[in-house]
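J.: Data: run.cif, mmCIF, C-alpha atoms.
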```
data_entry
loop_
_atom_site.label_atom_id
_atom_site.label_comp_id
_atom_site.auth_asym_id
_atom_site.auth_seq_id
_atom_site.Cartn_x
_atom_site.Cartn_y
_atom_site.Cartn_z
CA MET A 1 -35.08 16.91 25.54
CA PHE A 2 -37.57 19.51 24.25
CA PRO A 3 -41.36 19.24 24.55
CA GLU A 4 -43.18 18.21 21.39
CA ARG A 5 -44.76 21.67 20.97
CA THR A 6 -41.32 23.30 21.05
CA LEU A 7 -39.99 20.91 18.42
CA GLN A 8 -43.05 21.52 16.22
CA LEU A 9 -42.52 25.29 16.40
CA ALA A 10 -38.80 24.91 15.72
CA GLY A 11 -39.58 22.69 12.75
CA MET A 12 -41.97 25.27 11.33
CA VAL A 13 -39.29 27.97 11.67
CA ILE A 14 -36.68 25.77 9.97
CA ASP A 15 -39.10 24.87 7.16
CA TRP A 16 -39.96 28.53 6.50
CA LEU A 17 -36.32 29.62 6.58
CA SER A 18 -35.30 26.76 4.29
CA ALA A 19 -38.04 27.52 1.78
CA SER A 20 -37.16 31.22 1.71
CA LYS A 21 -33.38 30.69 1.85
CA ARG A 22 -33.09 32.89 4.96
CA THR A 23 -31.03 32.46 8.11
CA ILE A 24 -31.49 33.12 11.82
CA VAL A 25 -29.26 34.02 14.78
CA THR A 26 -30.16 34.10 18.47
CA ALA A 27 -28.99 36.26 21.36
CA GLU A 28 -29.93 34.59 24.62
CA SER A 29 -29.53 35.42 28.26
CA CYS A 30 -32.06 33.66 30.53
CA THR A 31 -32.42 30.68 28.18
CA GLY A 32 -28.69 30.03 27.95
CA GLY A 33 -28.84 28.87 24.34
CA LEU A 34 -32.05 26.81 24.49
CA ILE A 35 -33.62 28.63 21.53
CA ALA A 36 -30.65 27.77 19.34
CA GLY A 37 -30.75 24.28 20.82
CA ALA A 38 -34.40 23.82 19.86
CA LEU A 39 -33.75 25.07 16.35
CA THR A 40 -30.72 22.83 15.86
CA ALA A 41 -32.67 19.80 17.11
CA VAL A 42 -34.47 19.90 13.76
CA PRO A 43 -32.87 18.06 10.81
CA GLY A 44 -31.76 20.49 8.11
CA SER A 45 -31.21 23.33 10.55
CA SER A 46 -27.53 23.61 9.63
CA ASN A 47 -28.59 25.27 6.38
CA VAL A 48 -30.47 28.11 8.08
CA VAL A 49 -29.19 28.56 11.65
CA TYR A 50 -26.18 30.85 11.72
CA GLY A 51 -25.70 30.26 15.44
CA GLY A 52 -26.38 31.86 18.74
CA PHE A 53 -24.81 34.20 21.23
CA VAL A 54 -25.23 33.17 24.87
CA THR A 55 -24.80 36.51 26.59
CA TYR A 56 -25.66 35.65 30.16
CA ALA A 57 -23.34 38.20 31.78
CA ASN A 58 -23.74 41.92 31.16
CA GLU A 59 -20.13 42.06 29.99
CA ALA A 60 -20.89 39.36 27.41
CA LYS A 61 -23.82 41.40 26.11
CA GLN A 62 -21.46 44.32 25.65
CA LYS A 63 -18.42 42.51 24.24
CA MET A 64 -20.08 39.84 22.11
CA ILE A 65 -22.99 41.72 20.53
CA GLY A 66 -22.28 45.37 21.28
CA VAL A 67 -25.05 46.20 23.75
CA PRO A 68 -24.10 49.67 25.05
CA LYS A 69 -23.07 49.65 28.71
CA THR A 70 -25.13 52.81 29.20
CA LEU A 71 -28.34 50.95 28.28
CA ILE A 72 -27.65 48.26 30.86
CA GLU A 73 -26.77 50.85 33.50
CA GLU A 74 -29.84 52.97 32.82
CA PHE A 75 -32.51 50.31 32.25
CA GLY A 76 -31.01 47.08 33.60
CA ALA A 77 -30.16 43.94 31.67
CA VAL A 78 -33.77 42.78 31.82
CA SER A 79 -35.42 45.57 29.86
CA GLU A 80 -36.94 46.50 26.53
CA PRO A 81 -33.97 48.62 25.36
CA VAL A 82 -31.51 45.82 26.11
CA ALA A 83 -33.66 43.16 24.39
CA ARG A 84 -33.88 45.37 21.30
CA ALA A 85 -30.13 46.08 21.36
CA MET A 86 -29.39 42.37 21.74
CA ALA A 87 -31.41 41.56 18.61
CA LEU A 88 -29.76 44.31 16.60
CA GLY A 89 -26.33 43.36 17.91
CA ALA A 90 -26.79 39.70 17.00
CA LEU A 91 -27.98 40.72 13.56
CA ASP A 92 -24.92 42.93 13.15
CA LYS A 93 -22.36 40.43 14.49
CA GLY A 94 -23.89 37.35 12.90
CA SER A 95 -24.33 36.68 9.22
CA ALA A 96 -28.07 36.09 9.35
CA ASP A 97 -31.24 37.67 8.05
CA ILE A 98 -33.28 37.41 11.24
CA ALA A 99 -32.41 37.72 14.93
CA VAL A 100 -34.34 36.94 18.08
CA SER A 101 -33.21 37.83 21.60
CA VAL A 102 -34.35 37.14 25.15
CA THR A 103 -33.40 38.54 28.52
CA GLY A 104 -35.28 37.78 31.70
CA ILE A 105 -35.45 36.52 35.25
CA ALA A 106 -36.00 32.76 35.35
CA GLY A 107 -35.69 32.48 39.13
CA PRO A 108 -35.92 31.19 41.68
CA GLY A 109 -34.22 34.35 42.97
CA GLY A 110 -33.28 37.65 41.41
CA GLY A 111 -36.72 39.17 41.11
CA THR A 112 -37.88 42.51 42.50
CA SER A 113 -41.29 44.17 42.70
CA GLN A 114 -40.55 46.04 39.46
CA LYS A 115 -38.89 43.05 37.76
CA PRO A 116 -40.39 39.87 39.21
CA VAL A 117 -39.33 36.30 38.59
CA GLY A 118 -40.85 35.22 35.28
CA LEU A 119 -40.39 38.58 33.54
CA VAL A 120 -38.89 38.16 30.07
CA HIS A 121 -38.19 40.75 27.38
CA PHE A 122 -38.05 39.54 23.77
CA GLY A 123 -36.44 41.41 20.90
CA TRP A 124 -36.36 40.66 17.22
CA ALA A 125 -35.03 42.27 14.08
CA MET A 126 -34.46 41.47 10.44
CA LYS A 127 -32.26 42.68 7.64
CA ASN A 128 -33.76 44.05 4.46
CA MET A 129 -35.14 41.06 2.61
CA GLY A 130 -35.54 42.70 -0.76
CA HIS A 131 -39.13 43.92 -0.51
CA PHE A 132 -41.23 46.19 1.66
CA SER A 133 -41.94 45.08 5.17
CA GLN A 134 -42.82 47.07 8.26
CA LEU A 135 -40.39 44.88 10.18
CA GLU A 136 -37.21 45.67 8.27
CA GLY A 137 -34.48 47.89 9.62
CA THR A 138 -35.81 48.23 13.16
CA SER A 139 -36.00 46.18 16.30
CA HIS A 140 -39.19 45.02 17.95
CA HIS A 141 -40.15 44.09 21.48
CA LEU A 142 -42.53 42.00 23.54
CA GLU A 143 -42.72 41.74 27.32
CA ARG A 144 -44.10 38.62 28.98
CA ARG A 145 -44.67 37.89 32.65
CA PHE A 146 -44.84 34.13 33.06
CA GLY A 147 -44.93 34.33 36.85
CA ASP A 148 -42.92 32.38 39.38
CA ILE A 149 -43.68 29.02 37.74
CA GLY A 150 -40.22 27.54 38.28
CA ARG A 151 -36.92 28.12 36.51
CA ASP A 152 -37.28 25.35 33.93
CA ALA A 153 -40.87 26.31 33.12
CA VAL A 154 -39.94 29.99 32.61
CA ARG A 155 -37.09 29.00 30.31
CA MET A 156 -39.23 26.59 28.25
CA ALA A 157 -42.09 29.10 28.00
CA THR A 158 -39.53 31.65 26.82
CA VAL A 159 -38.23 29.32 24.10
CA GLU A 160 -41.76 28.60 22.84
CA THR A 161 -42.71 32.27 22.87
CA ALA A 162 -39.53 33.22 21.00
CA LEU A 163 -40.24 30.62 18.30
CA GLU A 164 -43.85 31.82 18.03
CA LEU A 165 -42.60 35.39 17.62
CA VAL A 166 -40.24 34.35 14.84
CA LEU A 167 -43.10 32.60 13.05
CA GLU A 168 -45.31 35.69 13.39
CA MET A 169 -42.48 37.83 12.06
CA LEU A 170 -41.93 35.50 9.11
CA ASP A 171 -45.66 35.46 8.35
CA GLY A 172 -45.47 39.25 8.07
CA VAL A 173 -42.71 39.16 5.47
#
```
Kindly transcribe the structure held in the file into structure tokens.
T.:
Amino acid sequence: MFPERTLQLAGMVIDWLSASKRTIVTAESCTGGLIAGALTAVPGSSNVVYGGFVTYANEAKQKMIGVPKTLIEEFGAVSEPVARAMALGALDKGSADIAVSVTGIAGPGGGTSQKPVGLVHFGWAMKNMGHFSQLEGTSHHLERRFGDIGRDAVRMATVETALELVLEMLDGV
């Protein structure tokens, strides 16, 4: 189901989390749970994957993971503040050490000149892991513009990028 590269990245995340006895939770909009799906495709993932929140609708973002309605109204669902809030909300609502979130426009429609198809905002956050890290206690953000490469390609590129971000975050711990 997933490309080999995606499964390799997911396996590396699972191995790191297993070795460090840490857990992860996802908050996904445009990927509809594919990040959690990639992680759980790896044997042993049940020990380190808390789960995932598929918050496709704005109301789901608000009710499930506590994204403030005012953020969505002011910046739109596909924005840096919402991606950050999604990561923090997933971290708060889930019993995990690390959270990654994505919100974007996979297409084929829905894009604008300011927010084109292929725009994805990533957020990530981690709980205090017992030692100093610049990453602890705050949320982080990355914006990617994959272009109008097709819905499935945007979603798969988003999954791979999210897994790469988690690995970079874990390398910094």
J.: What does the distance between atom CA of Ile14 of chain A and atom CA of Cys30 of chain A come to in Å, to one decimal place?
T.: 22.5 Å
J.: Just checking: using all atoms listed in the file, which residue out of A:Gly104, A:Phe122, A:Leu34, A:Ala85 ends up closest to Thr6 of chain A?
T.: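 For Thr6 of chain A, the nearest of the candidates is A:Leu34.
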J.: For each of A:Gly11, A:Gly89, A:Gly33, A:Gly123, take the minimum atom-to-atom distance to Val48 of chain A, counting only C-alpha atoms, then give the residue where this is smallest.
T.: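 Among the listed residues, A:Gly11 lies closest to Val48 of chain A.
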J.: Do you know which residues lie at most 10 Å from (-41.1, 41.0, 19.0), with coordinates as in the file and all atoms listed in the file counted, and could you write them as a ChimeraX atom specification?
T.: /A:83-84,87,100-102,121-125,135,139-143,161-162,164-166,168-169
J.: Would you save the residues of that selection, restricted to C-alpha atoms, as a JSON list (two decimals), in the coordinates of the input?
T.:
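File produced: result26.json:
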```
[["chain", "number", "residue", "atom", "x", "y", "z"],
["A", 83, "ALA", "CA", -33.66, 43.16, 24.39],
["A", 84, "ARG", "CA", -33.88, 45.37, 21.30],
["A", 87, "ALA", "CA", -31.41, 41.56, 18.61],
["A", 100, "VAL", "CA", -34.34, 36.94, 18.08],
["A", 101, "SER", "CA", -33.21, 37.83, 21.60],
["A", 102, "VAL", "CA", -34.35, 37.14, 25.15],
["A", 121, "HIS", "CA", -38.19, 40.75, 27.38],
["A", 122, "PHE", "CA", -38.05, 39.54, 23.77],
["A", 123, "GLY", "CA", -36.44, 41.41, 20.90],
["A", 124, "TRP", "CA", -36.36, 40.66, 17.22],
["A", 125, "ALA", "CA", -35.03, 42.27, 14.08],
["A", 135, "LEU", "CA", -40.39, 44.88, 10.18],
["A", 139, "SER", "CA", -36.00, 46.18, 16.30],
["A", 140, "HIS", "CA", -39.19, 45.02, 17.95],
["A", 141, "HIS", "CA", -40.15, 44.09, 21.48],
["A", 142, "LEU", "CA", -42.53, 42.00, 23.54],
["A", 143, "GLU", "CA", -42.72, 41.74, 27.32],
["A", 161, "THR", "CA", -42.71, 32.27, 22.87],
["A", 162, "ALA", "CA", -39.53, 33.22, 21.00],
["A", 164, "GLU", "CA", -43.85, 31.82, 18.03],
["A", 165, "LEU", "CA", -42.60, 35.39, 17.62],
["A", 166, "VAL", "CA", -40.24, 34.35, 14.84],
["A", 168, "GLU", "CA", -45.31, 35.69, 13.39],
["A", 169, "MET", "CA", -42.48, 37.83, 12.06]]
```
J.: Once you count only C-alpha atoms, which residues end up no further than 8 Å from (-36.4, 33.6, 37.4) in the file's frame, shown as a ChimeraX atom specification?
T.: /A:104-111,116-119,148,150-151,154
J.: With only C-alpha atoms as the basis for distance, which of A:Gly172, A:Ala36, A:Thr55, A:Val42 is at the shortest distance from Gln8 of chain A?
T.: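 Looking at the shortest contact to Gln8 of chain A, the residue is A:Val42.
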